[in-house]
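Comments concern the structure below.
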Amino acid sequence: MSEPLLSVKNLTIDYIGDETDFRAVDNVSFDVAPGEVFGLAGESGCGKSTIAFAISRLHRPPALIRTGSEILLDGRDVLDLDQKELAAFRWREVAMVFQSAMNSLNPVLRVEAQFYDVLKTHLGMTKVQARERTAEMLRLVDINPDRMRDYPHQFSGGMRQRIVIAICLALGPKLVVMDEPTTALDVVVQREILQRINELRRKLGFSVLFITHDLGLMVQFCDRIGIMLGGKLVEQNTAQAIYRTPQHDYTKKLWASFPSLHGGVLA
Amino acid sequence: MSETILALDDATKTFGHGAATVYAARNISIALRTGRALALVGESGSGKTTCARLAMLEYLPNAGRVLFRGQPMQDAAAKEIAAYRRSVQMIFQDPFASLNPAQTIAYHLKRPLQLHRPEIGKAEIDATIRELLQRVKLDPDLVAPKYPHELSGGQRQRVNIARALAVKPEVIVADEPTSMLDVSVRLGVLNLLNDMKREMNLAMLYITHDIATARFVAEDIAVMYGGQIVEWGATAEVIDNPQHPYTRLLLSAVPNPDLRFEDGGSDMQPDHVDAVRNLSARTDGDLIEVSPRHFARLTAKA
């Protein structure tokens with residue numbers, strides 16, 4: 001196996017309380033290979049989003065990453081970066097798409113301006129260069145580049161989510177962290193977006209850390225999957241194995257919670 | 001024998017005027033019958049919630065009728081409307097926003113009892129609250145004195161169901177009742193709705209974008225697109241033998257671990273998706289009975 005792109009080792013994160021601390025992430029370790037899609041599944045409160053935030057050091061107090069934890073991206077420990085290095089690292093190396101990402105676009109700026117913001121800050125592009133890059137990125141996510149002068153409210157939810165993904169990919173990050181990226185969208189739009197991301201990662205070679213509670217979707221999209229329960233990674237395997245031969249009781253229980261489309265008819 | 005309690009008869013609801021008119025619901029006819037659930041399925045903006053609001057008399061239709069036990073409700077007298085409001089209860093999507101954070105669970109159940117069932121005396125109210133909580137499988141001693149923030153999402157949704165049941169309704173309108181719940185508690189809530197429907201002979205309108213859960217609770221299903229019903233019939237028949245292109249598209253997009261993207265097993269072509277959307281948005285088709293009690297809106301190919 002090639003060197004992992006992302007290597008999370010013994011990650012432990014506490015939410016500091018007045019009297020007792022809450023352990024949100026408990027000694028979690030996993031690797032993501034270059035070009036791989038790794039999924040983290042679990043229910044609300046299991047710690048999956050806390051991990052997503054920690055990877056870009058976007059976790060906020062009272063969350064505290066405990067000593068002994070390591071988050072290595074291309075061999076470099078993210079936890080050792082200073083503020084300046086961190087600013088360069090975010091977007092450039094690791095980009096994030098959040099659940100309500102479509103609402104994270106600035107409503108009073110044209111789409112073009114939001115791309116320019118990123119491209120100027122990180123790559124020092126001029127407006128003309130940025131416009132060219134914006135058109136290229138919008139085409140990648142099936143949005144007509146002529147619409148770059150529109151405002152976010154002129155797009156549907158699915159299109160806004162695709163624009164956010166295009167901005168994320170504009171700097172050619174090595175890793176894209178997606179935290180429930182399509183949960184607010186209907187299944188057809190969800191499928192369109194994830195299929196597109198899958199094609200793009202083939203083409204561009206980035207890795208994806210994909211977070212959702214929908215195991216069926218996760219098996220379709222991911223190469224490997226980790227199942228989280230109460231801050232611990234209780235099972236980790238290939239998507240096929242998680243589906244065909246789940247080992248942990250909790251994984252089996254999760255599978256049992258999905259009503260099947262063709263089985264399990266109304267009794 | 002099941003009888004029709006609530007029906008939309010050729011109901012249309014529009015927003016805006018002139019060229020900017022949006023048809024949120026176009027010529028919708030549905031019937032809710034005792035002891036049965038009808039699922040309305042479709043993407044955001046397809047008109048599901050507009051239908052629910054028409055059924056709740058939150059909107060009045062621009063054309064067509066809302067029928068309660070055969071009586072049109074748009075021009076009904078205040079007294080009849082009050083009876084209607086008691087008989088038709090709603091369960092909302094968001095279990096966090098639909099309970100008052102400053103009041104206890106007991107209070108949430110007491111208010112509808114005082115308002116709609118004044119014949120119940122003070123002593124009986126407490127007993128009824130206990131009974132309601134037991135019915136939705138919550139421990140009355142534990143839950144009644146609590147505030148909403150002390151309960152989980154699933155527990156809150158059970159409280160919402162208990163509140164809807166408090167006034168002995170005949171119809172329940174449930175708008176995405178499990179979409180904000182964790183997967184492991186969803187089935188419990190769906191089972192509860194199913195049990196209530198059977199035990200209390202309720203007519204139910206179940207609104208969802210998750211067609212797999214529709215199969216779990218609803219005998220009948222109507223698939224909506226662009227404000228129209230494009231297909232309806234018995235749930236198993238529509239899912240196993242879909243006739244409308246949009247129903248087929250919707251079913252093919254349901255997450256399915258057997259069809260991995262990498263194996264190309266589920267390739268959904270953007271051109272095809274656009275073509276289906278354009279076809280489904282057309283308004284010149286008619287609902288045609290493709291097999292007994294199974295209707296699809298079939299439009300001649302452009």
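Naming scheme: A, B, ... for chains in displayed order of the structure tokens; residues 1 onward per chain; ligands 1 onward as shown.
If you count only C-alpha atoms and ignore residues fewer than 2 places along the chain from Leu60 of chain B, what sits within 10 Å of it is Ala11, Thr12, Lys13, Arg53, Leu54, Ala55, Met56, Leu57, Glu58, Asn62, Ala63, Gly64, Arg65, Val66, Met73, Gln74 and Asp75 of chain B.
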(request) Considering only C-alpha atoms, extract the chain B residues located within 9 Å of chain A and return them as a ChimeraX atom specification. (result) /B:42-44,182-187,209-219,236,239-240,249-262,266-270,273
Put those residues in a file: N, CA and C atoms, as a tab-separated table (two decimals), in the first residue's frame.
chain	number	residue	atom	x	y	z
B	42	GLY	N	-41.91	13.18	-3.17
B	42	GLY	CA	-41.39	14.03	-4.24
B	42	GLY	C	-40.26	14.87	-3.71
B	43	GLU	N	-39.57	15.58	-4.63
B	43	GLU	CA	-38.43	16.39	-4.19
B	43	GLU	C	-38.91	17.69	-3.56
B	44	SER	N	-37.96	18.47	-3.00
B	44	SER	CA	-38.33	19.77	-2.42
B	44	SER	C	-38.94	20.61	-3.54
B	182	ASP	N	-32.43	10.60	14.22
B	182	ASP	CA	-31.34	9.68	13.95
B	182	ASP	C	-31.90	8.38	13.37
B	183	VAL	N	-31.10	7.73	12.52
B	183	VAL	CA	-31.59	6.53	11.83
B	183	VAL	C	-32.08	5.46	12.79
B	184	SER	N	-31.42	5.31	13.93
B	184	SER	CA	-31.78	4.18	14.80
B	184	SER	C	-33.11	4.39	15.51
B	185	VAL	N	-33.62	5.63	15.55
B	185	VAL	CA	-34.93	5.83	16.20
B	185	VAL	C	-36.04	6.03	15.17
B	186	ARG	N	-35.67	6.15	13.88
B	186	ARG	CA	-36.70	6.39	12.86
B	186	ARG	C	-37.71	5.28	12.79
B	187	LEU	N	-37.22	4.04	12.74
B	187	LEU	CA	-38.13	2.92	12.58
B	187	LEU	C	-39.11	2.84	13.74
B	209	HIS	N	-39.71	12.61	1.52
B	209	HIS	CA	-38.93	12.51	0.29
B	209	HIS	C	-38.23	11.15	0.24
B	210	ASP	N	-38.45	10.34	1.29
B	210	ASP	CA	-37.78	9.05	1.39
B	210	ASP	C	-38.76	7.94	1.03
B	211	ILE	N	-38.67	7.49	-0.21
B	211	ILE	CA	-39.68	6.57	-0.74
B	211	ILE	C	-39.62	5.21	-0.03
B	212	ALA	N	-38.46	4.86	0.54
B	212	ALA	CA	-38.37	3.58	1.25
B	212	ALA	C	-39.21	3.59	2.52
B	213	THR	N	-39.28	4.73	3.22
B	213	THR	CA	-40.12	4.77	4.43
B	213	THR	C	-41.59	4.77	4.04
B	214	ALA	N	-41.91	5.28	2.85
B	214	ALA	CA	-43.30	5.29	2.40
B	214	ALA	C	-43.81	3.85	2.33
B	215	ARG	N	-42.96	2.98	1.84
B	215	ARG	CA	-43.34	1.58	1.74
B	215	ARG	C	-43.65	1.01	3.13
B	216	PHE	N	-42.97	1.55	4.11
B	216	PHE	CA	-43.07	1.04	5.47
B	216	PHE	C	-44.37	1.44	6.16
B	217	VAL	N	-44.91	2.62	5.85
B	217	VAL	CA	-46.11	3.06	6.58
B	217	VAL	C	-47.36	3.22	5.74
B	218	ALA	N	-47.22	3.33	4.42
B	218	ALA	CA	-48.39	3.74	3.64
B	218	ALA	C	-48.87	2.66	2.69
B	219	GLU	N	-50.18	2.44	2.68
B	219	GLU	CA	-50.79	1.48	1.75
B	219	GLU	C	-50.79	2.04	0.33
B	236	ALA	N	-46.80	-0.85	-2.98
B	236	ALA	CA	-45.95	-1.92	-3.47
B	236	ALA	C	-45.99	-1.98	-5.00
B	239	ILE	N	-43.95	1.00	-6.50
B	239	ILE	CA	-42.50	0.86	-6.32
B	239	ILE	C	-41.96	-0.30	-7.16
B	240	ASP	N	-42.69	-1.39	-7.23
B	240	ASP	CA	-42.18	-2.54	-7.96
B	240	ASP	C	-42.42	-2.44	-9.46
B	249	LEU	N	-36.96	7.45	-12.12
B	249	LEU	CA	-35.74	8.20	-11.79
B	249	LEU	C	-35.55	8.26	-10.27
B	250	LEU	N	-36.65	8.59	-9.58
B	250	LEU	CA	-36.62	8.71	-8.12
B	250	LEU	C	-36.17	7.38	-7.49
B	251	LEU	N	-36.73	6.29	-7.98
B	251	LEU	CA	-36.39	4.98	-7.42
B	251	LEU	C	-34.93	4.63	-7.72
B	252	SER	N	-34.45	5.01	-8.91
B	252	SER	CA	-33.08	4.65	-9.26
B	252	SER	C	-32.07	5.45	-8.44
B	253	ALA	N	-32.52	6.61	-7.88
B	253	ALA	CA	-31.59	7.45	-7.12
B	253	ALA	C	-31.57	7.10	-5.64
B	254	VAL	N	-32.45	6.23	-5.19
B	254	VAL	CA	-32.45	5.83	-3.78
B	254	VAL	C	-31.13	5.13	-3.48
B	255	PRO	N	-30.43	5.55	-2.41
B	255	PRO	CA	-29.15	4.91	-2.10
B	255	PRO	C	-29.29	3.39	-2.02
B	256	ASN	N	-28.42	2.70	-2.72
B	256	ASN	CA	-28.50	1.26	-2.81
B	256	ASN	C	-27.10	0.67	-2.76
B	257	PRO	N	-26.76	0.00	-1.64
B	257	PRO	CA	-25.40	-0.49	-1.47
B	257	PRO	C	-25.01	-1.55	-2.50
B	258	ASP	N	-25.99	-2.09	-3.21
B	258	ASP	CA	-25.65	-3.10	-4.22
B	258	ASP	C	-25.14	-2.47	-5.51
B	259	LEU	N	-25.37	-1.18	-5.68
B	259	LEU	CA	-24.94	-0.52	-6.91
B	259	LEU	C	-23.86	0.50	-6.59
B	260	ARG	N	-22.60	0.07	-6.60
B	260	ARG	CA	-21.51	0.97	-6.26
B	260	ARG	C	-21.13	1.83	-7.46
B	261	PHE	N	-20.82	3.12	-7.19
B	261	PHE	CA	-20.46	4.04	-8.28
B	261	PHE	C	-19.29	3.48	-9.07
B	262	GLU	N	-18.31	2.93	-8.34
B	262	GLU	CA	-17.08	2.47	-8.98
B	262	GLU	C	-17.33	1.35	-9.98
B	266	SER	N	-24.71	2.32	-11.38
B	266	SER	CA	-25.83	3.21	-11.12
B	266	SER	C	-25.71	4.48	-11.92
B	267	ASP	N	-25.14	4.37	-13.11
B	267	ASP	CA	-24.82	5.59	-13.83
B	267	ASP	C	-26.07	6.37	-14.20
B	268	MET	N	-26.17	7.59	-13.64
B	268	MET	CA	-27.32	8.42	-13.94
B	268	MET	C	-26.84	9.56	-14.83
B	269	GLN	N	-27.24	9.58	-16.08
B	269	GLN	CA	-26.76	10.58	-17.02
B	269	GLN	C	-27.48	11.91	-16.84
B	270	PRO	N	-26.71	13.02	-16.71
B	270	PRO	CA	-27.34	14.33	-16.51
B	270	PRO	C	-28.35	14.66	-17.62
B	273	VAL	N	-31.56	12.92	-16.84
B	273	VAL	CA	-32.24	13.54	-15.70
B	273	VAL	C	-32.98	14.79	-16.17
(request) Considering only C-alpha atoms, return as a ChimeraX atom specification whatever protein or nucleic-acid residues lie within 10 Å of His116 of chain B, sequence-local ones (same chain, fewer than 5 positions apart) excluded. (result) /B:82-83,85-87,111,166-168
(request) Would you return as a PyMOL selection string the members of segment 158-299 of chain B that DSSP assigns to strand (DSSP E) on this structure's backbone? (result) chain B and resi 171-175+203-208+220-225+228-234+286-291+294-298
(message) So that I can check the surroundings of segment 137-143 of chain B, please list as a PyMOL selection string every protein, DNA and RNA residue that reaches within 12 Å of it, counting only C-alpha atoms and ignoring chain neighbours fewer than 5 positions away.
(response) chain B and resi 104-109+126-132+148-152+154-162+188-189+191-193+195-196
So that I can check the surroundings of Met96 of chain A, please list as a PDB file with N, CA, C and O atoms, in the first residue's frame every protein, DNA and RNA residue that reaches within 12 Å of it, counting only C-alpha atoms and ignoring chain neighbours fewer than 5 positions away.
ATOM      1  N   SER A  49     -18.384  14.613  13.199  1.00  0.00           N
ATOM      2  CA  SER A  49     -18.169  15.992  12.757  1.00  0.00           C
ATOM      3  C   SER A  49     -17.029  16.653  13.530  1.00  0.00           C
ATOM      4  O   SER A  49     -16.302  17.489  12.977  1.00  0.00           O
ATOM      5  N   ALA A  52     -14.043  15.857  11.655  1.00  0.00           N
ATOM      6  CA  ALA A  52     -13.973  16.635  10.416  1.00  0.00           C
ATOM      7  C   ALA A  52     -13.424  18.031  10.695  1.00  0.00           C
ATOM      8  O   ALA A  52     -12.560  18.531   9.974  1.00  0.00           O
ATOM      9  N   PHE A  53     -13.921  18.653  11.750  1.00  0.00           N
ATOM     10  CA  PHE A  53     -13.449  20.000  12.088  1.00  0.00           C
ATOM     11  C   PHE A  53     -11.986  19.971  12.518  1.00  0.00           C
ATOM     12  O   PHE A  53     -11.201  20.845  12.157  1.00  0.00           O
ATOM     13  N   ALA A  54     -11.605  18.972  13.298  1.00  0.00           N
ATOM     14  CA  ALA A  54     -10.244  18.916  13.826  1.00  0.00           C
ATOM     15  C   ALA A  54      -9.207  18.800  12.712  1.00  0.00           C
ATOM     16  O   ALA A  54      -8.106  19.327  12.834  1.00  0.00           O
ATOM     17  N   ILE A  55      -9.564  18.131  11.619  1.00  0.00           N
ATOM     18  CA  ILE A  55      -8.594  17.910  10.539  1.00  0.00           C
ATOM     19  C   ILE A  55      -8.137  19.231   9.923  1.00  0.00           C
ATOM     20  O   ILE A  55      -7.001  19.370   9.506  1.00  0.00           O
ATOM     21  N   SER A  56      -9.022  20.230   9.888  1.00  0.00           N
ATOM     22  CA  SER A  56      -8.604  21.544   9.420  1.00  0.00           C
ATOM     23  C   SER A  56      -8.334  22.487  10.582  1.00  0.00           C
ATOM     24  O   SER A  56      -8.282  23.691  10.389  1.00  0.00           O
ATOM     25  N   ARG A  57      -8.253  21.927  11.768  1.00  0.00           N
ATOM     26  CA  ARG A  57      -8.073  22.728  12.990  1.00  0.00           C
ATOM     27  C   ARG A  57      -9.164  23.790  13.104  1.00  0.00           C
ATOM     28  O   ARG A  57      -8.925  24.916  13.534  1.00  0.00           O
ATOM     29  N   LEU A  58     -10.368  23.454  12.706  1.00  0.00           N
ATOM     30  CA  LEU A  58     -11.483  24.397  12.800  1.00  0.00           C
ATOM     31  C   LEU A  58     -12.298  24.164  14.066  1.00  0.00           C
ATOM     32  O   LEU A  58     -13.304  24.806  14.279  1.00  0.00           O
ATOM     33  N   PHE A  89      -2.633  26.373   4.590  1.00  0.00           N
ATOM     34  CA  PHE A  89      -2.999  24.953   4.555  1.00  0.00           C
ATOM     35  C   PHE A  89      -4.489  24.754   4.239  1.00  0.00           C
ATOM     36  O   PHE A  89      -4.866  23.930   3.414  1.00  0.00           O
ATOM     37  N   ARG A  90      -5.343  25.568   4.899  1.00  0.00           N
ATOM     38  CA  ARG A  90      -6.790  25.431   4.669  1.00  0.00           C
ATOM     39  C   ARG A  90      -7.110  25.844   3.238  1.00  0.00           C
ATOM     40  O   ARG A  90      -6.553  26.794   2.727  1.00  0.00           O
ATOM     41  N   TRP A  91      -8.027  25.181   2.612  1.00  0.00           N
ATOM     42  CA  TRP A  91      -8.399  25.336   1.196  1.00  0.00           C
ATOM     43  C   TRP A  91      -7.351  24.746   0.265  1.00  0.00           C
ATOM     44  O   TRP A  91      -7.657  23.998  -0.627  1.00  0.00           O
ATOM     45  N   ALA A 101     -23.654  23.830   3.397  1.00  0.00           N
ATOM     46  CA  ALA A 101     -22.682  24.625   2.654  1.00  0.00           C
ATOM     47  C   ALA A 101     -23.343  25.555   1.654  1.00  0.00           C
ATOM     48  O   ALA A 101     -22.874  26.654   1.406  1.00  0.00           O
ATOM     49  N   SER A 104     -23.664  28.775   2.869  1.00  0.00           N
ATOM     50  CA  SER A 104     -22.465  29.468   3.328  1.00  0.00           C
ATOM     51  C   SER A 104     -21.925  30.416   2.269  1.00  0.00           C
ATOM     52  O   SER A 104     -20.941  31.104   2.490  1.00  0.00           O
ATOM     53  N   GLN A 161     -24.913  24.031  -3.894  1.00  0.00           N
ATOM     54  CA  GLN A 161     -24.003  23.056  -3.302  1.00  0.00           C
ATOM     55  C   GLN A 161     -22.883  22.721  -4.292  1.00  0.00           C
ATOM     56  O   GLN A 161     -21.725  22.573  -3.913  1.00  0.00           O
ATOM     57  N   VAL A 164     -20.311  25.529  -4.259  1.00  0.00           N
ATOM     58  CA  VAL A 164     -19.418  25.425  -3.101  1.00  0.00           C
ATOM     59  C   VAL A 164     -18.340  24.376  -3.366  1.00  0.00           C
ATOM     60  O   VAL A 164     -17.159  24.579  -3.073  1.00  0.00           O
ATOM     61  N   ILE A 165     -18.762  23.254  -3.963  1.00  0.00           N
ATOM     62  CA  ILE A 165     -17.796  22.197  -4.267  1.00  0.00           C
ATOM     63  C   ILE A 165     -16.771  22.702  -5.284  1.00  0.00           C
ATOM     64  O   ILE A 165     -15.565  22.456  -5.158  1.00  0.00           O
ATOM     65  N   ALA A 166     -17.240  23.469  -6.271  1.00  0.00           N
ATOM     66  CA  ALA A 166     -16.316  24.029  -7.275  1.00  0.00           C
ATOM     67  C   ALA A 166     -15.306  24.968  -6.622  1.00  0.00           C
ATOM     68  O   ALA A 166     -14.118  24.949  -6.959  1.00  0.00           O
ATOM     69  N   ILE A 167     -15.768  25.792  -5.677  1.00  0.00           N
ATOM     70  CA  ILE A 167     -14.837  26.697  -4.983  1.00  0.00           C
ATOM     71  C   ILE A 167     -13.813  25.870  -4.198  1.00  0.00           C
ATOM     72  O   ILE A 167     -12.625  26.163  -4.171  1.00  0.00           O
ATOM     73  N   CYS A 168     -14.290  24.798  -3.563  1.00  0.00           N
ATOM     74  CA  CYS A 168     -13.410  23.925  -2.789  1.00  0.00           C
ATOM     75  C   CYS A 168     -12.311  23.325  -3.662  1.00  0.00           C
ATOM     76  O   CYS A 168     -11.187  23.143  -3.214  1.00  0.00           O
ATOM     77  N   LEU A 169     -12.665  22.983  -4.895  1.00  0.00           N
ATOM     78  CA  LEU A 169     -11.706  22.297  -5.755  1.00  0.00           C
ATOM     79  C   LEU A 169     -10.819  23.270  -6.526  1.00  0.00           C
ATOM     80  O   LEU A 169      -9.853  22.854  -7.171  1.00  0.00           O
ATOM     81  N   PRO A 173      -7.083  20.992  -3.916  1.00  0.00           N
ATOM     82  CA  PRO A 173      -6.709  20.422  -2.620  1.00  0.00           C
ATOM     83  C   PRO A 173      -6.419  18.924  -2.740  1.00  0.00           C
ATOM     84  O   PRO A 173      -6.881  18.278  -3.679  1.00  0.00           O
ATOM     85  N   LYS A 174      -5.643  18.418  -1.777  1.00  0.00           N
ATOM     86  CA  LYS A 174      -5.339  16.989  -1.784  1.00  0.00           C
ATOM     87  C   LYS A 174      -6.453  16.196  -1.124  1.00  0.00           C
ATOM     88  O   LYS A 174      -6.652  15.027  -1.403  1.00  0.00           O
ATOM     89  N   LEU A 175      -7.149  16.873  -0.181  1.00  0.00           N
ATOM     90  CA  LEU A 175      -8.195  16.183   0.570  1.00  0.00           C
ATOM     91  C   LEU A 175      -9.421  17.096   0.630  1.00  0.00           C
ATOM     92  O   LEU A 175      -9.306  18.294   0.904  1.00  0.00           O
ATOM     93  N   VAL A 176     -10.591  16.520   0.359  1.00  0.00           N
ATOM     94  CA  VAL A 176     -11.839  17.261   0.529  1.00  0.00           C
ATOM     95  C   VAL A 176     -12.626  16.565   1.634  1.00  0.00           C
ATOM     96  O   VAL A 176     -12.898  15.370   1.555  1.00  0.00           O
ATOM     97  N   VAL A 177     -12.940  17.311   2.685  1.00  0.00           N
ATOM     98  CA  VAL A 177     -13.739  16.769   3.785  1.00  0.00           C
ATOM     99  C   VAL A 177     -15.186  17.163   3.541  1.00  0.00           C
ATOM    100  O   VAL A 177     -15.491  18.343   3.389  1.00  0.00           O
ATOM    101  N   MET A 178     -16.078  16.177   3.450  1.00  0.00           N
ATOM    102  CA  MET A 178     -17.483  16.461   3.185  1.00  0.00           C
ATOM    103  C   MET A 178     -18.320  15.950   4.334  1.00  0.00           C
ATOM    104  O   MET A 178     -18.439  14.753   4.545  1.00  0.00           O
ATOM    105  N   ASP A 179     -18.907  16.885   5.071  1.00  0.00           N
ATOM    106  CA  ASP A 179     -19.718  16.523   6.242  1.00  0.00           C
ATOM    107  C   ASP A 179     -21.193  16.604   5.851  1.00  0.00           C
ATOM    108  O   ASP A 179     -21.735  17.693   5.735  1.00  0.00           O
ATOM    109  N   GLU A 180     -21.826  15.473   5.631  1.00  0.00           N
ATOM    110  CA  GLU A 180     -23.229  15.404   5.209  1.00  0.00           C
ATOM    111  C   GLU A 180     -23.497  16.380   4.059  1.00  0.00           C
ATOM    112  O   GLU A 180     -24.400  17.215   4.141  1.00  0.00           O
ATOM    113  N   PRO A 181     -22.745  16.268   2.959  1.00  0.00           N
ATOM    114  CA  PRO A 181     -22.837  17.311   1.929  1.00  0.00           C
ATOM    115  C   PRO A 181     -24.167  17.347   1.194  1.00  0.00           C
ATOM    116  O   PRO A 181     -24.508  18.351   0.595  1.00  0.00           O
ATOM    117  N   SER A 207      -8.391  13.030  -2.474  1.00  0.00           N
ATOM    118  CA  SER A 207      -9.035  12.070  -1.575  1.00  0.00           C
ATOM    119  C   SER A 207     -10.261  12.734  -0.962  1.00  0.00           C
ATOM    120  O   SER A 207     -10.350  13.957  -0.908  1.00  0.00           O
ATOM    121  N   VAL A 208     -11.183  11.903  -0.495  1.00  0.00           N
ATOM    122  CA  VAL A 208     -12.393  12.448   0.141  1.00  0.00           C
ATOM    123  C   VAL A 208     -12.585  11.782   1.500  1.00  0.00           C
ATOM    124  O   VAL A 208     -12.452  10.562   1.624  1.00  0.00           O
ATOM    125  N   LEU A 209     -12.859  12.609   2.515  1.00  0.00           N
ATOM    126  CA  LEU A 209     -13.362  12.073   3.779  1.00  0.00           C
ATOM    127  C   LEU A 209     -14.839  12.407   3.809  1.00  0.00           C
ATOM    128  O   LEU A 209     -15.232  13.575   3.833  1.00  0.00           O
ATOM    129  N   PHE A 210     -15.671  11.373   3.728  1.00  0.00           N
ATOM    130  CA  PHE A 210     -17.103  11.548   3.517  1.00  0.00           C
ATOM    131  C   PHE A 210     -17.857  11.163   4.780  1.00  0.00           C
ATOM    132  O   PHE A 210     -17.694  10.052   5.293  1.00  0.00           O
ATOM    133  N   ILE A 211     -18.652  12.086   5.291  1.00  0.00           N
ATOM    134  CA  ILE A 211     -19.353  11.830   6.547  1.00  0.00           C
ATOM    135  C   ILE A 211     -20.854  11.842   6.312  1.00  0.00           C
ATOM    136  O   ILE A 211     -21.388  12.772   5.707  1.00  0.00           O
TER     137      ILE A 211
END
(request) One decimal, Å: what's the distance from atom CA of Gln236 of chain A over to atom CA of Leu73 of chain A, could you say? (result) 19.8 Å
(request) Could you check how far atom CA of Glu170 of chain B sits from atom CA of Ala203 of chain B, in Å to one decimal? (result) 6.2 Å
(request) Quote the spacing between atom CA of Gly226 of chain A and atom CA of Pro34 of chain A in Å to one decimal place. (result)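 Spanning atom CA of Gly226 of chain A to atom CA of Pro34 of chain A is a straight-line distance of 17.0 Å.
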(request) Please report, as an MDAnalysis selection string, each residue of segment 84-267 of chain A to which DSSP assigns helix (DSSP H, G or I) when run on this structure's backbone. (result) chainID A and resid 84:89 101:103 111:123 127:140 145:149 152:154 157:169 187:204 215:221 239:244 249:256
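For Ala24 of chain A, the non-local neighbours within 12 Å, defined as residues at least 6 positions apart in the same chain or in other chains and counting only C-alpha atoms, are Leu11, Thr12, Ile13, Asp14, Tyr15, Ile16, Ser44, Gly45, Cys46, Gly47, Lys48, Ser49, Thr50, Ile51, Ala54, His59, Pro62, Ala63, Leu64, Ile65, Arg66, Met228, Leu229, Gly230, Gly231, Lys232 and Leu233 of chain A.
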